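*Asks:* Encoded as structure tokens, here's the structure I'll be asking about.
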Amino acid sequence: MEPIPGTMRAVIAEGSGGPEVLKLVERPVPHPGEGEILVRVKAAGINRPDVIQRQGGYPPPPGASDILGLELAGEVVGSDPNANRFPAGARVMALVAGGAYADYAVVHESNALPIPDGLSFEEAGTIPETYFTVWTNVFERGGLKEGETLLVHGGTSGIGTTAIQLAKAFGAKVIATAGSPEKCEACLRLGADLAVNYRNEDFVAAVKEFTNGQGADVILDMVGGDYIPRNHEAAALDGRIVQIAFLKGAKVELDFRRLMLKRLTHTGSTLRSRSVPEKAAIAQGIETRVLPLLAEGRCKPVIDSTFALEDVAKAHARMDGGEHIGKIVLRL
Ligand SMILES: NC(=O)c1ccc[n+]([C@@H]2O[C@H](COP(=O)([O-])OP(=O)(O)OC[C@H]3O[C@@H](n4cnc5c(N)ncnc54)[C@H](OP(=O)(O)O)[C@@H]3O)[C@@H](O)[C@H]2O)c1
């Protein structure tokens, strides 16, 4: 194992704005705190929340690193004496509240998972943020069950590609929306039963037709805005709508009668601000229910493109462009 240096490369946002505000800087290698492991990072996934943080709209929660990045994969190179889950050399993937775009990162051992055999660091580095988000929102909050129908907006996003595969693996039917014919084809290739190009088709009508007028049982939404009343329209009786972002705005005028008459549940959550024990509880669910699917290849991360850490601005520009399908990842 290579010796641990005193300093490392890391990416921060100097001010807020476009990809040009991202700067590669030198920082001290962090020391593991209570229950933490030190990971030599080999890959870090890029997520839309990183872009929103760079633009100034999603500051790190109190106590979190200002180094960007919410997920990583790498090798354990050290640990606090009270952290004994992973030996030195173990291949792990982990969720962090910041700090993944760096050569080394510390993470609580309970927020890390073993990388299933057969997955590369680059693949594993794109798993935690989207799998934790989809698991807790679609399955824990939304309670999606076998035989039910999931409607997922942004079907080719990191979140969407994960939601399609996991929902199918657990026996649900999936309708995905996306903004181009190519993106719709990608959703179908991933297993969606129906893909709706929202630019030229009304997703509410498409959902009603696909479900014989019943509607979707669970809706995972990152769009908000006018989608909020339309999601209520597209939902089935006792439907659950789970809000994970508001790309088109969080303020709308809404007639709540539909919520009452259809007995809808409209909920939501954010992952980053949750406590280490809360994230650990999500990790446990993933370890028992989802890692076997990844190990068997029944779910697989969809990698759009890979960039070297030095090219982080190019990687963010790719996400800003919105043409990506699946995940963009940094190699370290
Ligand atoms: N709450 C949480 O805990 C949590 C955690 C992680 C991520 N998120 C959120 O989940 C979303 C997806 O994250 P990601 O990293 O997977 O991002 P991403 O890959 O960049 O995906 C964003 C998606 O949004 C779609 N989109 C953008 N503007 C839209 C609009 N006006 N109408 C409809 N669709 C639109 C795009 O698809 P089209 O090109 O098809 O429009 C794209 O697929 C982000 O908003 C992120 O902030 C929330």
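Please note that chains go A, B, ... in the order of the structure tokens, that every chain numbers its residues from 1, and that ligands are numbered from 1 in the order shown.
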Could you make a table, as CSV, of the residues of chain A that have an atom within 8 Å of an atom of ligand 1, each with its nearest atom pair and distance in Å to one decimal, counting only C-alpha atoms and all ligand atoms, in chain and number order?
*Replies:*
residue,atom,partner,partner_atom_place_in_ligand_line,distance
A:Ile46,CA,ligand 1,15 (O),6.9
A:Asn47,CA,ligand 1,15 (O),3.6
A:Arg48,CA,ligand 1,15 (O),3.8
A:Pro49,CA,ligand 1,47 (O),4.5
A:Ile52,CA,ligand 1,47 (O),7.3
A:Glu129,CA,ligand 1,6 (C),6.0
A:Thr130,CA,ligand 1,6 (C),6.0
A:Thr133,CA,ligand 1,3 (O),5.3
A:His153,CA,ligand 1,34 (N),6.4
A:Gly154,CA,ligand 1,43 (O),4.0
A:Gly155,CA,ligand 1,43 (O),6.0
A:Thr156,CA,ligand 1,43 (O),4.8
A:Ser157,CA,ligand 1,19 (O),3.3
A:Gly158,CA,ligand 1,16 (O),3.4
A:Ile159,CA,ligand 1,16 (O),4.0
A:Gly160,CA,ligand 1,16 (O),6.3
A:Thr177,CA,ligand 1,40 (O),6.7
A:Ala178,CA,ligand 1,40 (O),3.4
A:Gly179,CA,ligand 1,40 (O),3.5
A:Ser180,CA,ligand 1,40 (O),6.4
A:Lys183,CA,ligand 1,40 (O),6.5
A:Asn197,CA,ligand 1,40 (O),7.7
A:Tyr198,CA,ligand 1,33 (C),7.4
A:Met222,CA,ligand 1,45 (O),5.1
A:Val223,CA,ligand 1,33 (C),5.4
A:Gln243,CA,ligand 1,1 (N),7.2
A:Ile244,CA,ligand 1,1 (N),3.7
A:Ala245,CA,ligand 1,45 (O),4.7
A:Phe246,CA,ligand 1,45 (O),6.5
A:Leu247,CA,ligand 1,28 (N),5.6
A:Lys248,CA,ligand 1,31 (N),5.3
A:Gly268,CA,ligand 1,1 (N),7.2
A:Ser269,CA,ligand 1,1 (N),5.2
A:Thr270,CA,ligand 1,3 (O),3.4
A:Leu271,CA,ligand 1,3 (O),3.8
A:Arg272,CA,ligand 1,3 (O),6.4
A:Met319,CA,ligand 1,20 (O),5.7
A:Asp320,CA,ligand 1,20 (O),7.5
A:Gly322,CA,ligand 1,39 (O),5.7
A:Glu323,CA,ligand 1,39 (O),6.5
A:His324,CA,ligand 1,19 (O),7.0
A:Ile325,CA,ligand 1,19 (O),7.1
A:Gly326,CA,ligand 1,19 (O),6.1
A:Lys327,CA,ligand 1,19 (O),6.4
*Asks:* I want to know what sits within 9 Å of Ile282 of chain A, based on only C-alpha atoms, with residues of the same chain fewer than 5 positions away left out; could you give that as a compact mmCIF listing (two decimals) with N, CA and C atoms, in the first residue's frame?
*Replies:*
# COMPACT_ATOMS: atom_id res chain seq x y z
N ASN A 111 -21.63 4.31 6.79
CA ASN A 111 -22.15 4.91 5.55
C ASN A 111 -21.40 4.39 4.33
N PHE A 132 -28.98 5.24 -2.73
CA PHE A 132 -29.54 5.62 -1.42
C PHE A 132 -30.81 6.45 -1.64
N TRP A 135 -33.63 4.19 -3.06
CA TRP A 135 -34.08 3.21 -2.08
C TRP A 135 -34.97 3.88 -1.03
N THR A 136 -34.48 4.99 -0.47
CA THR A 136 -35.24 5.60 0.63
C THR A 136 -36.52 6.28 0.13
N GLU A 140 -38.79 3.02 0.61
CA GLU A 140 -39.11 3.26 2.02
C GLU A 140 -40.26 4.27 2.16
N PRO A 277 -26.48 8.11 11.48
CA PRO A 277 -27.28 6.90 11.77
C PRO A 277 -28.44 6.72 10.79
N GLU A 287 -27.74 -2.90 1.64
CA GLU A 287 -26.82 -4.04 1.72
C GLU A 287 -27.57 -5.36 1.61
*Asks:* If you run DSSP over the backbone, which residues in segment 6-52 of chain A end up alpha helix (DSSP H)? Put them as a ChimeraX atom specification.
*Replies:* /A:48-52
*Asks:* Would you export the selected residues with N, CA and C atoms as a PDB file, in the first residue's frame, please?
*Replies:*
ATOM      1  N   ARG A  48     -26.352  15.990  -9.854  1.00  0.00           N
ATOM      2  CA  ARG A  48     -26.955  17.319 -10.051  1.00  0.00           C
ATOM      3  C   ARG A  48     -26.811  18.198  -8.802  1.00  0.00           C
ATOM      4  N   PRO A  49     -26.947  17.642  -7.583  1.00  0.00           N
ATOM      5  CA  PRO A  49     -26.748  18.507  -6.419  1.00  0.00           C
ATOM      6  C   PRO A  49     -25.359  19.163  -6.384  1.00  0.00           C
ATOM      7  N   ASP A  50     -24.320  18.519  -6.969  1.00  0.00           N
ATOM      8  CA  ASP A  50     -22.982  19.143  -7.020  1.00  0.00           C
ATOM      9  C   ASP A  50     -23.037  20.393  -7.894  1.00  0.00           C
ATOM     10  N   VAL A  51     -23.791  20.288  -9.003  1.00  0.00           N
ATOM     11  CA  VAL A  51     -23.920  21.419  -9.928  1.00  0.00           C
ATOM     12  C   VAL A  51     -24.662  22.559  -9.228  1.00  0.00           C
ATOM     13  N   ILE A  52     -25.711  22.200  -8.482  1.00  0.00           N
ATOM     14  CA  ILE A  52     -26.500  23.230  -7.790  1.00  0.00           C
ATOM     15  C   ILE A  52     -25.644  23.877  -6.685  1.00  0.00           C
TER      16      ILE A  52
END
*Asks:* Give me the residues near segment 80-97 of chain A as JSON, numbers by chain, where near means some atom within 8 Å (using only C-alpha atoms) and where sequence neighbours in that chain fewer than 6 positions away do not count.
*Replies:* {"A": [1, 32, 33, 34, 35, 36, 37, 60, 61, 64, 65, 69, 70, 71, 72, 73, 74, 107, 109, 111, 112, 113, 114, 115, 124, 125, 127, 128, 129, 272, 273]}
*Asks:* For the residues selected in the previous step, produce a file with N, CA and C atoms as a compact mmCIF listing (two decimals), in the first residue's frame.
*Replies:*
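Below is the file that was written, result-v3.txt:
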# COMPACT_ATOMS: atom_id res chain seq x y z
N MET A 1 0.85 -1.20 0.00
CA MET A 1 0.00 0.00 0.00
C MET A 1 0.88 1.25 0.00
N PRO A 32 -9.26 10.28 10.07
CA PRO A 32 -10.54 9.69 10.45
C PRO A 32 -10.94 10.08 11.87
N GLY A 33 -12.18 10.53 12.03
CA GLY A 33 -12.74 10.82 13.35
C GLY A 33 -13.39 9.56 13.91
N GLU A 34 -14.12 9.71 14.99
CA GLU A 34 -14.78 8.60 15.68
C GLU A 34 -15.57 7.72 14.70
N GLY A 35 -15.20 6.46 14.60
CA GLY A 35 -15.94 5.51 13.76
C GLY A 35 -15.71 5.67 12.26
N GLU A 36 -14.71 6.49 11.90
CA GLU A 36 -14.52 6.76 10.46
C GLU A 36 -13.37 5.96 9.86
N ILE A 37 -13.44 5.76 8.53
CA ILE A 37 -12.34 5.14 7.78
C ILE A 37 -11.77 6.19 6.83
N PRO A 60 -22.97 23.35 1.57
CA PRO A 60 -22.77 22.16 2.40
C PRO A 60 -23.45 22.34 3.76
N PRO A 61 -24.04 21.28 4.31
CA PRO A 61 -24.66 21.41 5.64
C PRO A 61 -23.58 21.69 6.69
N ALA A 64 -19.97 19.89 7.23
CA ALA A 64 -19.55 19.10 6.07
C ALA A 64 -18.40 19.80 5.34
N SER A 65 -17.59 19.02 4.63
CA SER A 65 -16.45 19.55 3.89
C SER A 65 -16.93 20.49 2.78
N GLY A 69 -18.56 16.86 -3.88
CA GLY A 69 -18.69 15.42 -4.11
C GLY A 69 -19.40 14.68 -3.00
N LEU A 70 -20.43 13.93 -3.36
CA LEU A 70 -21.29 13.27 -2.38
C LEU A 70 -21.12 11.76 -2.37
N GLU A 71 -20.33 11.21 -3.30
CA GLU A 71 -20.19 9.74 -3.34
C GLU A 71 -18.82 9.38 -3.91
N LEU A 72 -18.33 8.22 -3.48
CA LEU A 72 -16.99 7.82 -3.89
C LEU A 72 -16.85 6.31 -3.83
N ALA A 73 -15.81 5.85 -4.52
CA ALA A 73 -15.39 4.45 -4.37
C ALA A 73 -13.88 4.44 -4.27
N GLY A 74 -13.34 3.52 -3.48
CA GLY A 74 -11.89 3.46 -3.33
C GLY A 74 -11.49 2.36 -2.38
N VAL A 107 -14.98 8.81 5.88
CA VAL A 107 -16.40 8.48 5.87
C VAL A 107 -16.69 7.60 7.06
N GLU A 109 -17.84 4.50 8.91
CA GLU A 109 -17.86 3.12 8.38
C GLU A 109 -19.28 2.62 8.09
N ASN A 111 -21.63 4.31 6.79
CA ASN A 111 -22.15 4.91 5.55
C ASN A 111 -21.40 4.39 4.33
N ALA A 112 -20.59 3.34 4.55
CA ALA A 112 -19.84 2.72 3.44
C ALA A 112 -20.37 1.31 3.23
N LEU A 113 -20.22 0.83 2.01
CA LEU A 113 -20.67 -0.53 1.66
C LEU A 113 -19.55 -1.22 0.91
N PRO A 114 -19.47 -2.57 1.03
CA PRO A 114 -18.48 -3.28 0.23
C PRO A 114 -18.86 -3.22 -1.25
N ILE A 115 -17.87 -3.12 -2.12
CA ILE A 115 -18.16 -3.12 -3.57
C ILE A 115 -18.33 -4.57 -4.02
N ALA A 124 -18.68 1.62 -9.24
CA ALA A 124 -19.10 1.70 -7.83
C ALA A 124 -19.20 3.15 -7.35
N GLY A 125 -18.33 4.02 -7.89
CA GLY A 125 -18.33 5.43 -7.47
C GLY A 125 -19.60 6.17 -7.88
N ILE A 127 -22.64 4.73 -7.55
CA ILE A 127 -23.79 4.03 -6.95
C ILE A 127 -24.40 4.75 -5.73
N PRO A 128 -23.60 5.15 -4.73
CA PRO A 128 -24.23 5.51 -3.45
C PRO A 128 -25.32 6.60 -3.53
N GLU A 129 -25.01 7.75 -4.13
CA GLU A 129 -25.98 8.86 -4.08
C GLU A 129 -27.33 8.48 -4.71
N ARG A 272 -28.70 14.49 1.82
CA ARG A 272 -27.43 15.01 2.32
C ARG A 272 -27.49 15.45 3.77
N SER A 273 -28.59 16.08 4.15
CA SER A 273 -28.68 16.66 5.49
C SER A 273 -29.03 15.62 6.56
*Asks:* Identify which of the residues A:Ala44, A:Gly215, A:Gly63, A:Ala234 lies closest to Ser275 of chain A, counting only C-alpha atoms when measuring atom-to-atom distances.
*Replies:*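 Among the listed residues, A:Gly63 lies closest to Ser275 of chain A.
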*Asks:* Contacts of Leu309 of chain A at 10 Å or less, counting only C-alpha atoms, minus same-chain residues fewer than 5 places along, as an MDAnalysis selection string?
*Replies:* chainID A and resid 9:11 24 43:44 101:103 314:315 329:332
*Asks:* Pull all heavy atoms from the residues just selected and write them as a compact mmCIF listing (two decimals), in the first residue's frame.
*Replies:*
# COMPACT_ATOMS: atom_id res chain seq x y z
N ARG A 9 -4.84 16.34 -3.67
CA ARG A 9 -5.59 17.19 -4.60
C ARG A 9 -7.06 17.17 -4.19
O ARG A 9 -7.57 16.12 -3.76
CB ARG A 9 -5.47 16.67 -6.03
CG ARG A 9 -4.06 16.64 -6.57
CD ARG A 9 -4.02 15.94 -7.91
NE ARG A 9 -4.58 14.59 -7.81
CZ ARG A 9 -5.08 13.88 -8.83
NH1 ARG A 9 -5.07 14.38 -10.04
NH2 ARG A 9 -5.58 12.67 -8.66
N ALA A 10 -7.74 18.32 -4.34
CA ALA A 10 -9.17 18.39 -4.01
C ALA A 10 -9.81 19.46 -4.88
O ALA A 10 -9.13 20.37 -5.37
CB ALA A 10 -9.36 18.73 -2.54
N VAL A 11 -11.11 19.35 -5.09
CA VAL A 11 -11.83 20.32 -5.92
C VAL A 11 -12.82 21.09 -5.05
O VAL A 11 -13.63 20.50 -4.34
CB VAL A 11 -12.59 19.62 -7.07
CG1 VAL A 11 -13.43 20.62 -7.85
CG2 VAL A 11 -11.62 18.89 -8.00
N LEU A 24 -8.88 23.19 -8.70
CA LEU A 24 -8.13 22.08 -8.12
C LEU A 24 -7.15 22.68 -7.12
O LEU A 24 -6.31 23.50 -7.50
CB LEU A 24 -7.40 21.35 -9.24
CG LEU A 24 -6.87 19.96 -8.98
CD1 LEU A 24 -7.97 18.99 -8.59
CD2 LEU A 24 -6.16 19.43 -10.23
N ALA A 43 -12.62 6.83 -7.55
CA ALA A 43 -13.65 7.38 -8.45
C ALA A 43 -14.68 8.13 -7.61
O ALA A 43 -14.96 7.75 -6.48
CB ALA A 43 -14.33 6.25 -9.22
N ALA A 44 -15.20 9.22 -8.19
CA ALA A 44 -16.25 10.00 -7.51
C ALA A 44 -17.33 10.33 -8.52
O ALA A 44 -17.04 10.87 -9.59
CB ALA A 44 -15.66 11.28 -6.92
N TYR A 101 -14.58 14.68 -4.20
CA TYR A 101 -13.70 15.04 -5.32
C TYR A 101 -12.30 15.31 -4.76
O TYR A 101 -11.80 16.43 -4.80
CB TYR A 101 -14.15 16.32 -6.00
CG TYR A 101 -15.48 16.38 -6.74
CD1 TYR A 101 -16.44 15.38 -6.68
CD2 TYR A 101 -15.77 17.51 -7.52
CE1 TYR A 101 -17.63 15.50 -7.36
CE2 TYR A 101 -16.96 17.63 -8.21
CZ TYR A 101 -17.90 16.63 -8.12
OH TYR A 101 -19.09 16.77 -8.79
N ALA A 102 -11.65 14.29 -4.23
CA ALA A 102 -10.33 14.46 -3.62
C ALA A 102 -9.63 13.11 -3.60
O ALA A 102 -10.28 12.07 -3.69
CB ALA A 102 -10.48 14.99 -2.19
N ASP A 103 -8.30 13.15 -3.45
CA ASP A 103 -7.55 11.88 -3.46
C ASP A 103 -7.87 11.01 -2.26
O ASP A 103 -7.80 9.79 -2.33
CB ASP A 103 -6.05 12.17 -3.48
CG ASP A 103 -5.60 12.69 -4.83
OD1 ASP A 103 -6.07 12.16 -5.86
OD2 ASP A 103 -4.79 13.65 -4.86
N LYS A 314 -14.81 20.18 -17.27
CA LYS A 314 -15.42 19.57 -18.47
C LYS A 314 -16.54 18.62 -18.05
O LYS A 314 -17.58 18.52 -18.71
CB LYS A 314 -14.38 18.78 -19.27
CG LYS A 314 -13.41 19.67 -20.01
CD LYS A 314 -12.48 18.81 -20.86
CE LYS A 314 -11.34 19.67 -21.39
NZ LYS A 314 -10.18 18.90 -21.77
N ALA A 315 -16.32 17.91 -16.96
CA ALA A 315 -17.33 16.96 -16.49
C ALA A 315 -18.60 17.70 -16.07
O ALA A 315 -19.72 17.29 -16.40
CB ALA A 315 -16.77 16.15 -15.31
N VAL A 329 -18.63 10.46 -14.24
CA VAL A 329 -17.78 10.05 -13.10
C VAL A 329 -16.36 10.62 -13.25
O VAL A 329 -15.86 10.75 -14.37
CB VAL A 329 -17.80 8.50 -12.96
CG1 VAL A 329 -17.32 7.80 -14.19
CG2 VAL A 329 -17.03 8.03 -11.74
N LEU A 330 -15.77 10.96 -12.12
CA LEU A 330 -14.38 11.42 -12.09
C LEU A 330 -13.49 10.26 -11.70
O LEU A 330 -13.81 9.50 -10.78
CB LEU A 330 -14.21 12.52 -11.03
CG LEU A 330 -14.93 13.83 -11.29
CD1 LEU A 330 -14.79 14.74 -10.07
CD2 LEU A 330 -14.38 14.52 -12.53
N ARG A 331 -12.34 10.15 -12.42
CA ARG A 331 -11.36 9.09 -12.12
C ARG A 331 -10.21 9.74 -11.37
O ARG A 331 -9.74 10.82 -11.75
CB ARG A 331 -10.90 8.52 -13.45
CG ARG A 331 -10.07 7.28 -13.41
CD ARG A 331 -9.69 6.86 -14.82
NE ARG A 331 -9.15 7.96 -15.61
CZ ARG A 331 -9.63 8.36 -16.78
NH1 ARG A 331 -10.63 7.74 -17.35
NH2 ARG A 331 -9.08 9.37 -17.43
N LEU A 332 -9.75 9.11 -10.30
CA LEU A 332 -8.64 9.71 -9.53
C LEU A 332 -7.43 8.78 -9.53
O LEU A 332 -7.59 7.58 -9.71
CB LEU A 332 -9.08 9.98 -8.10
CG LEU A 332 -10.07 11.15 -7.99
CD1 LEU A 332 -11.47 10.68 -7.77
CD2 LEU A 332 -9.64 12.10 -6.90
*Asks:* Could you check the closest approach to Val41 of chain A for each of A:Gly213, A:Pro5, A:Gly99, A:Pro301 and tell me which residue wins, using only C-alpha atoms?
*Replies:*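 Comparing A:Gly213, A:Pro5, A:Gly99, A:Pro301 against Val41 of chain A, the winner is A:Gly99.
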*Asks:* Tell me, in Å to one decimal, how far atom CA of Glu148 of chain A is from atom CA of Ile164 of chain A.
*Replies:* 13.0 Å
*Asks:* If we count only C-alpha atoms and set the cut-off at 12 Å, which residues sit around Asp217 of chain A, ignoring sequence neighbours fewer than 5 positions away in its own chain? Please answer as a ChimeraX atom specification.
*Replies:* /A:138-139,142-152,172-175,207-208,211,231-242,262-266
*Asks:* How about saving the chosen residues, N, CA and C atoms kept, as an mmCIF file, in the first residue's frame?
*Replies:*
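Here's the written file part30.cif:
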data_model
loop_
_atom_site.group_PDB
_atom_site.id
_atom_site.type_symbol
_atom_site.label_atom_id
_atom_site.label_comp_id
_atom_site.auth_asym_id
_atom_site.auth_seq_id
_atom_site.Cartn_x
_atom_site.Cartn_y
_atom_site.Cartn_z
ATOM 1 N N VAL A 138 -38.270 5.787 -3.119
ATOM 2 C CA VAL A 138 -39.240 4.960 -3.866
ATOM 3 C C VAL A 138 -39.738 3.796 -3.008
ATOM 4 N N PHE A 139 -38.819 3.157 -2.291
ATOM 5 C CA PHE A 139 -39.204 1.933 -1.573
ATOM 6 C C PHE A 139 -39.592 2.211 -0.116
ATOM 7 N N GLY A 142 -42.097 5.766 -0.474
ATOM 8 C CA GLY A 142 -43.170 5.511 -1.439
ATOM 9 C C GLY A 142 -43.785 4.129 -1.296
ATOM 10 N N GLY A 143 -43.073 3.207 -0.660
ATOM 11 C CA GLY A 143 -43.607 1.861 -0.423
ATOM 12 C C GLY A 143 -43.969 1.113 -1.697
ATOM 13 N N LEU A 144 -43.179 1.292 -2.757
ATOM 14 C CA LEU A 144 -43.489 0.598 -4.026
ATOM 15 C C LEU A 144 -43.471 -0.913 -3.820
ATOM 16 N N LYS A 145 -44.535 -1.572 -4.328
ATOM 17 C CA LYS A 145 -44.644 -3.026 -4.150
ATOM 18 C C LYS A 145 -44.667 -3.723 -5.511
ATOM 19 N N GLU A 146 -44.364 -4.993 -5.487
ATOM 20 C CA GLU A 146 -44.431 -5.834 -6.677
ATOM 21 C C GLU A 146 -45.813 -5.672 -7.337
ATOM 22 N N GLY A 147 -45.837 -5.545 -8.645
ATOM 23 C CA GLY A 147 -47.110 -5.451 -9.368
ATOM 24 C C GLY A 147 -47.643 -4.031 -9.484
ATOM 25 N N GLU A 148 -47.103 -3.088 -8.674
ATOM 26 C CA GLU A 148 -47.563 -1.699 -8.758
ATOM 27 C C GLU A 148 -46.856 -0.987 -9.916
ATOM 28 N N THR A 149 -47.340 0.220 -10.224
ATOM 29 C CA THR A 149 -46.738 1.009 -11.309
ATOM 30 C C THR A 149 -46.018 2.222 -10.736
ATOM 31 N N LEU A 150 -44.758 2.376 -11.153
ATOM 32 C CA LEU A 150 -43.966 3.555 -10.786
ATOM 33 C C LEU A 150 -43.897 4.492 -11.983
ATOM 34 N N LEU A 151 -44.161 5.773 -11.761
ATOM 35 C CA LEU A 151 -43.881 6.803 -12.773
ATOM 36 C C LEU A 151 -42.646 7.551 -12.300
ATOM 37 N N VAL A 152 -41.594 7.554 -13.126
ATOM 38 C CA VAL A 152 -40.378 8.288 -12.744
ATOM 39 C C VAL A 152 -40.091 9.348 -13.800
ATOM 40 N N ALA A 172 -42.044 -4.270 -10.219
ATOM 41 C CA ALA A 172 -43.028 -3.220 -10.527
ATOM 42 C C ALA A 172 -43.050 -2.956 -12.033
ATOM 43 N N LYS A 173 -44.106 -2.277 -12.493
ATOM 44 C CA LYS A 173 -44.137 -1.780 -13.870
ATOM 45 C C LYS A 173 -43.633 -0.339 -13.834
ATOM 46 N N VAL A 174 -42.923 0.078 -14.887
ATOM 47 C CA VAL A 174 -42.302 1.406 -14.844
ATOM 48 C C VAL A 174 -42.665 2.233 -16.076
ATOM 49 N N ILE A 175 -43.112 3.460 -15.807
ATOM 50 C CA ILE A 175 -43.297 4.457 -16.857
ATOM 51 C C ILE A 175 -42.260 5.547 -16.580
ATOM 52 N N VAL A 207 -50.009 7.968 -18.898
ATOM 53 C CA VAL A 207 -50.076 7.122 -17.695
ATOM 54 C C VAL A 207 -51.471 6.515 -17.572
ATOM 55 N N LYS A 208 -52.484 7.344 -17.805
ATOM 56 C CA LYS A 208 -53.870 6.848 -17.693
ATOM 57 C C LYS A 208 -54.105 5.716 -18.697
ATOM 58 N N THR A 211 -52.298 2.470 -17.733
ATOM 59 C CA THR A 211 -52.806 1.800 -16.519
ATOM 60 C C THR A 211 -54.322 1.588 -16.578
ATOM 61 N N ASN A 231 -49.025 15.555 -11.485
ATOM 62 C CA ASN A 231 -48.734 14.291 -10.782
ATOM 63 C C ASN A 231 -49.950 13.839 -9.977
ATOM 64 N N HIS A 232 -50.635 14.785 -9.347
ATOM 65 C CA HIS A 232 -51.841 14.413 -8.589
ATOM 66 C C HIS A 232 -52.874 13.809 -9.536
ATOM 67 N N GLU A 233 -52.920 14.359 -10.770
ATOM 68 C CA GLU A 233 -53.860 13.835 -11.765
ATOM 69 C C GLU A 233 -53.448 12.431 -12.224
ATOM 70 N N ALA A 234 -52.139 12.222 -12.368
ATOM 71 C CA ALA A 234 -51.636 10.940 -12.897
ATOM 72 C C ALA A 234 -51.601 9.842 -11.845
ATOM 73 N N ALA A 235 -51.784 10.193 -10.564
ATOM 74 C CA ALA A 235 -51.655 9.199 -9.487
ATOM 75 C C ALA A 235 -52.910 8.347 -9.362
ATOM 76 N N ALA A 236 -52.705 7.127 -8.903
ATOM 77 C CA ALA A 236 -53.818 6.191 -8.649
ATOM 78 C C ALA A 236 -54.448 6.493 -7.286
ATOM 79 N N LEU A 237 -55.572 5.881 -6.998
ATOM 80 C CA LEU A 237 -56.148 5.930 -5.652
ATOM 81 C C LEU A 237 -55.089 5.438 -4.663
ATOM 82 N N ASP A 238 -54.947 6.085 -3.537
ATOM 83 C CA ASP A 238 -53.929 5.741 -2.541
ATOM 84 C C ASP A 238 -52.500 5.885 -3.082
ATOM 85 N N GLY A 239 -52.346 6.698 -4.123
ATOM 86 C CA GLY A 239 -51.017 6.900 -4.731
ATOM 87 C C GLY A 239 -50.082 7.655 -3.799
ATOM 88 N N ARG A 240 -48.779 7.428 -4.006
ATOM 89 C CA ARG A 240 -47.748 8.104 -3.213
ATOM 90 C C ARG A 240 -46.846 8.886 -4.165
ATOM 91 N N ILE A 241 -46.730 10.205 -3.907
ATOM 92 C CA ILE A 241 -45.878 11.061 -4.746
ATOM 93 C C ILE A 241 -44.691 11.483 -3.893
ATOM 94 N N VAL A 242 -43.492 11.212 -4.392
ATOM 95 C CA VAL A 242 -42.302 11.512 -3.594
ATOM 96 C C VAL A 242 -41.472 12.565 -4.325
ATOM 97 N N LYS A 262 -58.566 11.186 -3.746
ATOM 98 C CA LYS A 262 -57.817 9.982 -4.140
ATOM 99 C C LYS A 262 -57.006 9.397 -2.987
ATOM 100 N N ARG A 263 -57.087 10.002 -1.826
ATOM 101 C CA ARG A 263 -56.320 9.563 -0.640
ATOM 102 C C ARG A 263 -54.817 9.508 -0.950
ATOM 103 N N LEU A 264 -54.321 10.593 -1.586
ATOM 104 C CA LEU A 264 -52.907 10.611 -1.977
ATOM 105 C C LEU A 264 -52.011 10.920 -0.785
ATOM 106 N N THR A 265 -50.784 10.431 -0.858
ATOM 107 C CA THR A 265 -49.741 10.849 0.074
ATOM 108 C C THR A 265 -48.694 11.589 -0.749
ATOM 109 N N HIS A 266 -48.443 12.854 -0.411
ATOM 110 C CA HIS A 266 -47.399 13.618 -1.117
ATOM 111 C C HIS A 266 -46.291 13.903 -0.114
#
*Asks:* Report as a list in words all protein, DNA and RNA residues lying within 12 Å of Pro3 of chain A, evaluated on only C-alpha atoms, omitting residues in the same chain fewer than 2 positions from it.
*Replies:* Met1, Pro5, Gly6, Thr7, Val29, Arg40, Val77 and Gly78 of chain A
*Asks:* Considering only C-alpha atoms, state which residue in the set A:Asp193, A:Glu122, A:Asp117, A:Glu278 is at the smallest distance from Ile303 of chain A.
*Replies:*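 Ranked by minimum distance to Ile303 of chain A, first place goes to A:Glu122.
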*Asks:* Using only C-alpha atoms, which of A:Gly191, A:Pro28, A:Pro181, A:Pro116 sits nearest Lys168 of chain A?
*Replies:* A:Gly191
*Asks:* Taking 3 positions as the minimum chain separation for residues in the same chain, which residues sit within 10 Å of Glu296 of chain A when counting only C-alpha atoms? Answer as a VMD selection string.
*Replies:* chain A and resid 116 to 118 291 to 293 299 to 300
*Asks:* When DSSP is applied to the backbone of this structure, which of segment 78-238 of chain A are assigned strand (DSSP E or B)? Write them out as number ranges by chain.
*Replies:* A: 78-79, 91-95, 102, 104-108, 112-114, 149-152, 173-178, 194-197, 216-221, 235-238
*Asks:* Between A:Ala283, A:Ile328, A:Ala192, A:Cys184, which has the minimum distance to Asp311 of chain A (counting only C-alpha atoms)?
*Replies:* A:Ile328
*Asks:* Take atom CA of Val302 of chain A and atom CA of Gly285 of chain A and report the distance between them in Å, one decimal.
*Replies:*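 For atom CA of Val302 of chain A relative to atom CA of Gly285 of chain A, the distance reads 21.5 Å.
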*Asks:* If you measure from atom CA of Pro30 of chain A to atom CA of Tyr104 of chain A, what distance in Å do you get, rounded to one decimal?
*Replies:*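 About the pair atom CA of Pro30 of chain A and atom CA of Tyr104 of chain A: they are 7.2 Å apart.
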